[in-house]
Every structure is written in structure tokens, then in C-alpha cells.
Amino acid sequence: GAVVSQHPSRVICKSGTSVKIECRSLDFQATTMFWYRQFPKQSLMLMATSNEGSKATYEQGVEKDKFLINHASLTLSTLTVTSAHPEDSSFYICSAVRGTVTEAFFGQGTRLTVV
Amino acid sequence: KNEVEQSPQNLTAQEGEFITINCSYSVGISALHWLQQHPGGGIVSLFMLSSGKKKHGRLIATINIQEKHSSLHITASHPRDSAVYICAVVDQGAQKLVFGQGTRLTINP
């Protein structure tokens with residue numbers, strides 16, 4: 001089956017610093033990757049759609065300068081939370097698409113805590 | 001009204017019981033996913049359906065495209081099945097996943 005690796009699984013950082021989260025498709029090429037955020041006891045909220053070689057498309061209300069997304073290759077997308085604040089503490093999950101959105105595979109998620 | 005509605009939101013049952021979780025949606029879809037999320041947060045994809053029925057071990061998923069409804073069944077439930085189960089549809093028009101709010105399942109020994 002298709003495998004998506006997300007790293008790190010947990011990270012604690014200080015306010016004002018930046019954190020990079022990686023999402024890799026290990027055994028397939030993903031032209032599209034999605035980044036989601038999940039607040040406690042809520043469902044996944046789409047933050048942005050990342051397409052290889054082009055700028056990411058952000059959902060309404062998501063600050064593109066704060067959440068930098070880079071999809072430099074067909075197997076890697078990164079999400080960088082810049083100048084992190086405690087309110088950015090959340091669970092971030094990526095999803096990589098093989099072919100069409102019908103075949104979407106999920107990373108393990110990253111729990112970010114900003115202190 | 002959400003485009004994807006799950007019921008129940010919370011379900012507690014005894015070990016061995018037959019479990020059913022329902023998902024109704026209002027958009028045109030090309031496929032539907034059932035996902036499992038354990039307390040640690042990682043998401044596991046259980047099924048991807050576009051029609052009919054799929055079975056994997058004690059898990060069964062069905063979909064009725066005409067009625068815009070899907071069900072996830074767990075037979076002989078076990079405490080390790082305790083997790084949040086999420087229904088996600090592939091919106092045919094937007095080409096995005098739309099998620100239900102999840103069903104929190106607790107199986108007591």
C-alpha cells in the first residue's frame with residue numbers, strides 16, 4: 001500500500017521560532033499534497049493545497065505568510081510555521097494524492113506545541 | 001448544515017457488540033473514505049469506496065450512492081477498536097476531501 005511519512009511526529013518550540021514539518025510519499029509520486037490542521041475534538045480543516053512546482057493554494061482565513069508551503073519535488077512537501085505563537089499549537093496532518101483525490105493517503109500527523 | 005454528517009457523534013459499547021457508524025453526505029462524490037484516528041493522532045485509512053461493499057477482517061463498509069449514505073460496521077468489537085472514526089468524501093466538483101466531524105467510539109472490556 002502507499003505510504004506517506006510525516007516528520008516530526010511531535011515538536012515543542014519557543015514562541016517566535018519557526019518549525020518545519022515534512023511530508024513525504026515513500027513509494028509513489030504525489031502531484032498534489034494537502035495540509036490540514038486539527039483542533040482538539042474537531043475534524044480536519046484544510047489549510048492549503050500544495051502542487052508540485054507551483055505555489056500553494058490557501059484556504060480562506062489561512063495566512064500564507066505564516067504557513068509557508070513548499071512542494072519542491074513529487075515526493076516531498078514541507079509546511080513551515082513561521083514566528084510560531086502558542087495559538088498555533090495544534091495537530092497538523094498532510095495527505096498525498098496518487099493520481100486523483102480519490103487515492104489520498106495520510107501522514108501520521110505532527111503535534112506542535114508552542115511554549 | 002455540514003456537507004458530511006456522521007452519527008452518532010459518540011458511541012460507547014461493550015466488548016463483543018456489533019457497531020454501526022453512519023455517514024450521510026450532500027455533495028456529488030467520486031469516492032468515500034473511512035478513516036481511523038487513535039488518541040495519538042495518527043490517521044489510518046480503513047477503506048476507500050466508490051460503490052457496493054468492502055470487508056477487511058472485522059470491518060465492513062458499505063455505500064449507497066443513490067441515497068448518499070455509507071455505513072461502517074465493526075463485528076465482535078474489541079477495546080483496541082476504541083478510536084475516532086472519520087468519514088471523508090471526495091467532492092467530485094472541488095476535487096477535495098470533505099470530512100465528517102468524526103465518531104468517537106469507546107469499547108469497554
# chains A, B, ... in the order shown; residues from 1 in each chain; ligands from 1
call {"tool": "interface_residues", "arguments": {"of": "chain A", "to": "chain B", "cutoff": "8 Å", "atoms": "only C-alpha atoms", "output": "ChimeraX atom specification"}}
result
/A:42-44,91,101-103,105-109
call {"tool": "write_last_selection", "arguments": {"atoms": "C-alpha atoms", "output": "mmCIF file, in the first residue's frame"}}
result
data_model
loop_
_atom_site.group_PDB
_atom_site.id
_atom_site.type_symbol
_atom_site.label_atom_id
_atom_site.label_comp_id
_atom_site.auth_asym_id
_atom_site.auth_seq_id
_atom_site.Cartn_x
_atom_site.Cartn_y
_atom_site.Cartn_z
ATOM 1 C CA GLN A 42 -12.702 18.595 15.936
ATOM 2 C CA SER A 43 -12.348 17.252 12.453
ATOM 3 C CA LEU A 44 -9.628 18.069 9.977
ATOM 4 C CA PHE A 91 -2.142 18.799 15.226
ATOM 5 C CA VAL A 101 -8.009 12.853 -4.994
ATOM 6 C CA THR A 102 -9.827 9.529 -4.823
ATOM 7 C CA GLU A 103 -6.499 7.996 -3.854
ATOM 8 C CA PHE A 105 -3.067 8.774 1.722
ATOM 9 C CA PHE A 106 -2.398 10.342 5.096
ATOM 10 C CA GLY A 107 0.704 11.070 7.097
ATOM 11 C CA GLN A 108 0.885 10.217 10.786
ATOM 12 C CA GLY A 109 0.489 13.838 11.817
#
call {"tool": "residues_around", "arguments": {"residues": "stretch 58-73 of chain B", "least_positions_apart": "2", "cutoff": "9 Å", "atoms": "only C-alpha atoms", "output": "number ranges by chain"}}
result
B: 18-29, 32, 34, 46-56, 75-77, 85, 87
call {"tool": "write_last_selection", "arguments": {"atoms": "N, CA and C atoms", "output": "compact mmCIF listing (two decimals), in the first residue's frame"}}
result
# COMPACT_ATOMS: atom_id res chain seq x y z
N PHE B 18 -21.82 -5.51 18.14
CA PHE B 18 -21.78 -5.12 16.74
C PHE B 18 -21.98 -3.61 16.66
N ILE B 19 -21.07 -2.94 15.96
CA ILE B 19 -21.06 -1.48 15.93
C ILE B 19 -21.41 -0.99 14.53
N THR B 20 -22.23 0.04 14.47
CA THR B 20 -22.54 0.69 13.19
C THR B 20 -22.35 2.19 13.33
N ILE B 21 -21.61 2.75 12.41
CA ILE B 21 -21.42 4.20 12.33
C ILE B 21 -21.90 4.64 10.95
N ASN B 22 -22.70 5.70 10.94
CA ASN B 22 -23.31 6.15 9.70
C ASN B 22 -22.73 7.47 9.19
N CYS B 23 -22.78 7.62 7.88
CA CYS B 23 -22.28 8.83 7.23
C CYS B 23 -23.23 9.20 6.09
N SER B 24 -23.73 10.42 6.13
CA SER B 24 -24.57 10.94 5.05
C SER B 24 -23.92 12.17 4.47
N TYR B 25 -24.06 12.34 3.17
CA TYR B 25 -23.40 13.48 2.53
C TYR B 25 -24.36 14.11 1.52
N SER B 26 -24.07 15.34 1.19
CA SER B 26 -25.00 16.08 0.33
C SER B 26 -24.38 16.49 -1.01
N VAL B 27 -23.11 16.25 -1.19
CA VAL B 27 -22.44 16.66 -2.43
C VAL B 27 -22.25 15.46 -3.34
N GLY B 28 -22.00 15.75 -4.61
CA GLY B 28 -21.65 14.68 -5.54
C GLY B 28 -20.24 14.21 -5.26
N ILE B 29 -20.06 12.92 -5.19
CA ILE B 29 -18.74 12.41 -4.82
C ILE B 29 -18.23 11.42 -5.85
N LEU B 32 -15.51 7.67 -1.28
CA LEU B 32 -15.68 7.95 0.15
C LEU B 32 -14.63 7.16 0.92
N TRP B 34 -13.24 5.88 4.75
CA TRP B 34 -13.39 5.72 6.19
C TRP B 34 -11.99 5.71 6.80
N LEU B 46 -8.95 3.16 6.42
CA LEU B 46 -9.54 1.84 6.54
C LEU B 46 -10.08 1.36 5.19
N PHE B 47 -10.86 2.21 4.56
CA PHE B 47 -11.49 1.84 3.30
C PHE B 47 -11.59 3.04 2.39
N MET B 48 -11.56 2.76 1.09
CA MET B 48 -11.94 3.73 0.09
C MET B 48 -12.99 3.04 -0.77
N LEU B 49 -14.17 3.67 -0.86
CA LEU B 49 -15.32 3.06 -1.55
C LEU B 49 -15.82 3.99 -2.63
N SER B 50 -16.20 3.41 -3.75
CA SER B 50 -16.96 4.18 -4.73
C SER B 50 -18.30 3.53 -5.01
N SER B 51 -18.45 2.27 -4.59
CA SER B 51 -19.73 1.59 -4.74
C SER B 51 -19.71 0.33 -3.90
N GLY B 52 -20.90 -0.19 -3.60
CA GLY B 52 -21.02 -1.51 -3.00
C GLY B 52 -20.51 -1.66 -1.59
N LYS B 53 -19.70 -2.64 -1.39
CA LYS B 53 -19.33 -3.09 -0.04
C LYS B 53 -17.90 -3.59 -0.06
N LYS B 54 -17.18 -3.31 1.06
CA LYS B 54 -15.84 -3.87 1.22
C LYS B 54 -15.71 -4.44 2.62
N LYS B 55 -14.90 -5.47 2.74
CA LYS B 55 -14.70 -6.12 4.04
C LYS B 55 -13.22 -6.32 4.26
N HIS B 56 -12.80 -6.01 5.49
CA HIS B 56 -11.41 -6.26 5.86
C HIS B 56 -11.39 -6.70 7.31
N THR B 75 -17.64 -5.86 13.60
CA THR B 75 -18.17 -7.06 14.24
C THR B 75 -17.25 -7.46 15.40
N ALA B 76 -17.84 -8.08 16.42
CA ALA B 76 -17.08 -8.57 17.57
C ALA B 76 -16.11 -7.49 18.06
N SER B 77 -16.66 -6.35 18.43
CA SER B 77 -15.82 -5.20 18.79
C SER B 77 -14.90 -5.52 19.97
N TYR B 85 -13.59 7.58 14.40
CA TYR B 85 -13.79 7.13 13.02
C TYR B 85 -14.33 8.30 12.20
N CYS B 87 -15.47 9.87 8.46
CA CYS B 87 -15.92 9.68 7.08
C CYS B 87 -15.46 10.89 6.27
call {"tool": "residues_around", "arguments": {"residues": "A:Asn51", "least_positions_apart": "3", "cutoff": "12 Å", "atoms": "only C-alpha atoms", "output": "ChimeraX atom specification"}}
result
/A:29-35,48,54-58,69-78,95-97
call {"tool": "select_by_dssp", "arguments": {"residues": "chain B", "states": "strand (DSSP E or B)", "output": "PyMOL selection string"}}
result
chain B and resi 4-7+10-14+19-25+29-37+43-49+52-56+59-64+69-74+83-91+96-99+103-108
call {"tool": "residues_around", "arguments": {"residues": "A:Ala84", "least_positions_apart": "4", "cutoff": "6 Å", "atoms": "only C-alpha atoms", "output": "MDAnalysis selection string"}}
result
chainID A and resid 15:18
call {"tool": "write_last_selection", "arguments": {"atoms": "N, CA and C atoms", "output": "mmCIF file, in the first residue's frame"}}
result
data_model
loop_
_atom_site.group_PDB
_atom_site.id
_atom_site.type_symbol
_atom_site.label_atom_id
_atom_site.label_comp_id
_atom_site.auth_asym_id
_atom_site.auth_seq_id
_atom_site.Cartn_x
_atom_site.Cartn_y
_atom_site.Cartn_z
ATOM 1 N N SER A 15 8.033 30.376 21.426
ATOM 2 C CA SER A 15 7.351 31.438 20.691
ATOM 3 C C SER A 15 8.345 32.246 19.881
ATOM 4 N N GLY A 16 7.971 32.553 18.660
ATOM 5 C CA GLY A 16 8.826 33.371 17.813
ATOM 6 C C GLY A 16 9.732 32.594 16.889
ATOM 7 N N THR A 17 9.883 31.312 17.151
ATOM 8 C CA THR A 17 10.735 30.497 16.290
ATOM 9 C C THR A 17 9.900 29.892 15.167
ATOM 10 N N SER A 18 10.593 29.296 14.207
ATOM 11 C CA SER A 18 9.910 28.653 13.077
ATOM 12 C C SER A 18 10.088 27.150 13.148
#
call {"tool": "closest_residue", "arguments": {"among": "B:Pro39, B:Gly57, B:Pro79, B:Gly93", "to": "B:Thr106", "atoms": "only C-alpha atoms"}}
result
B:Pro79
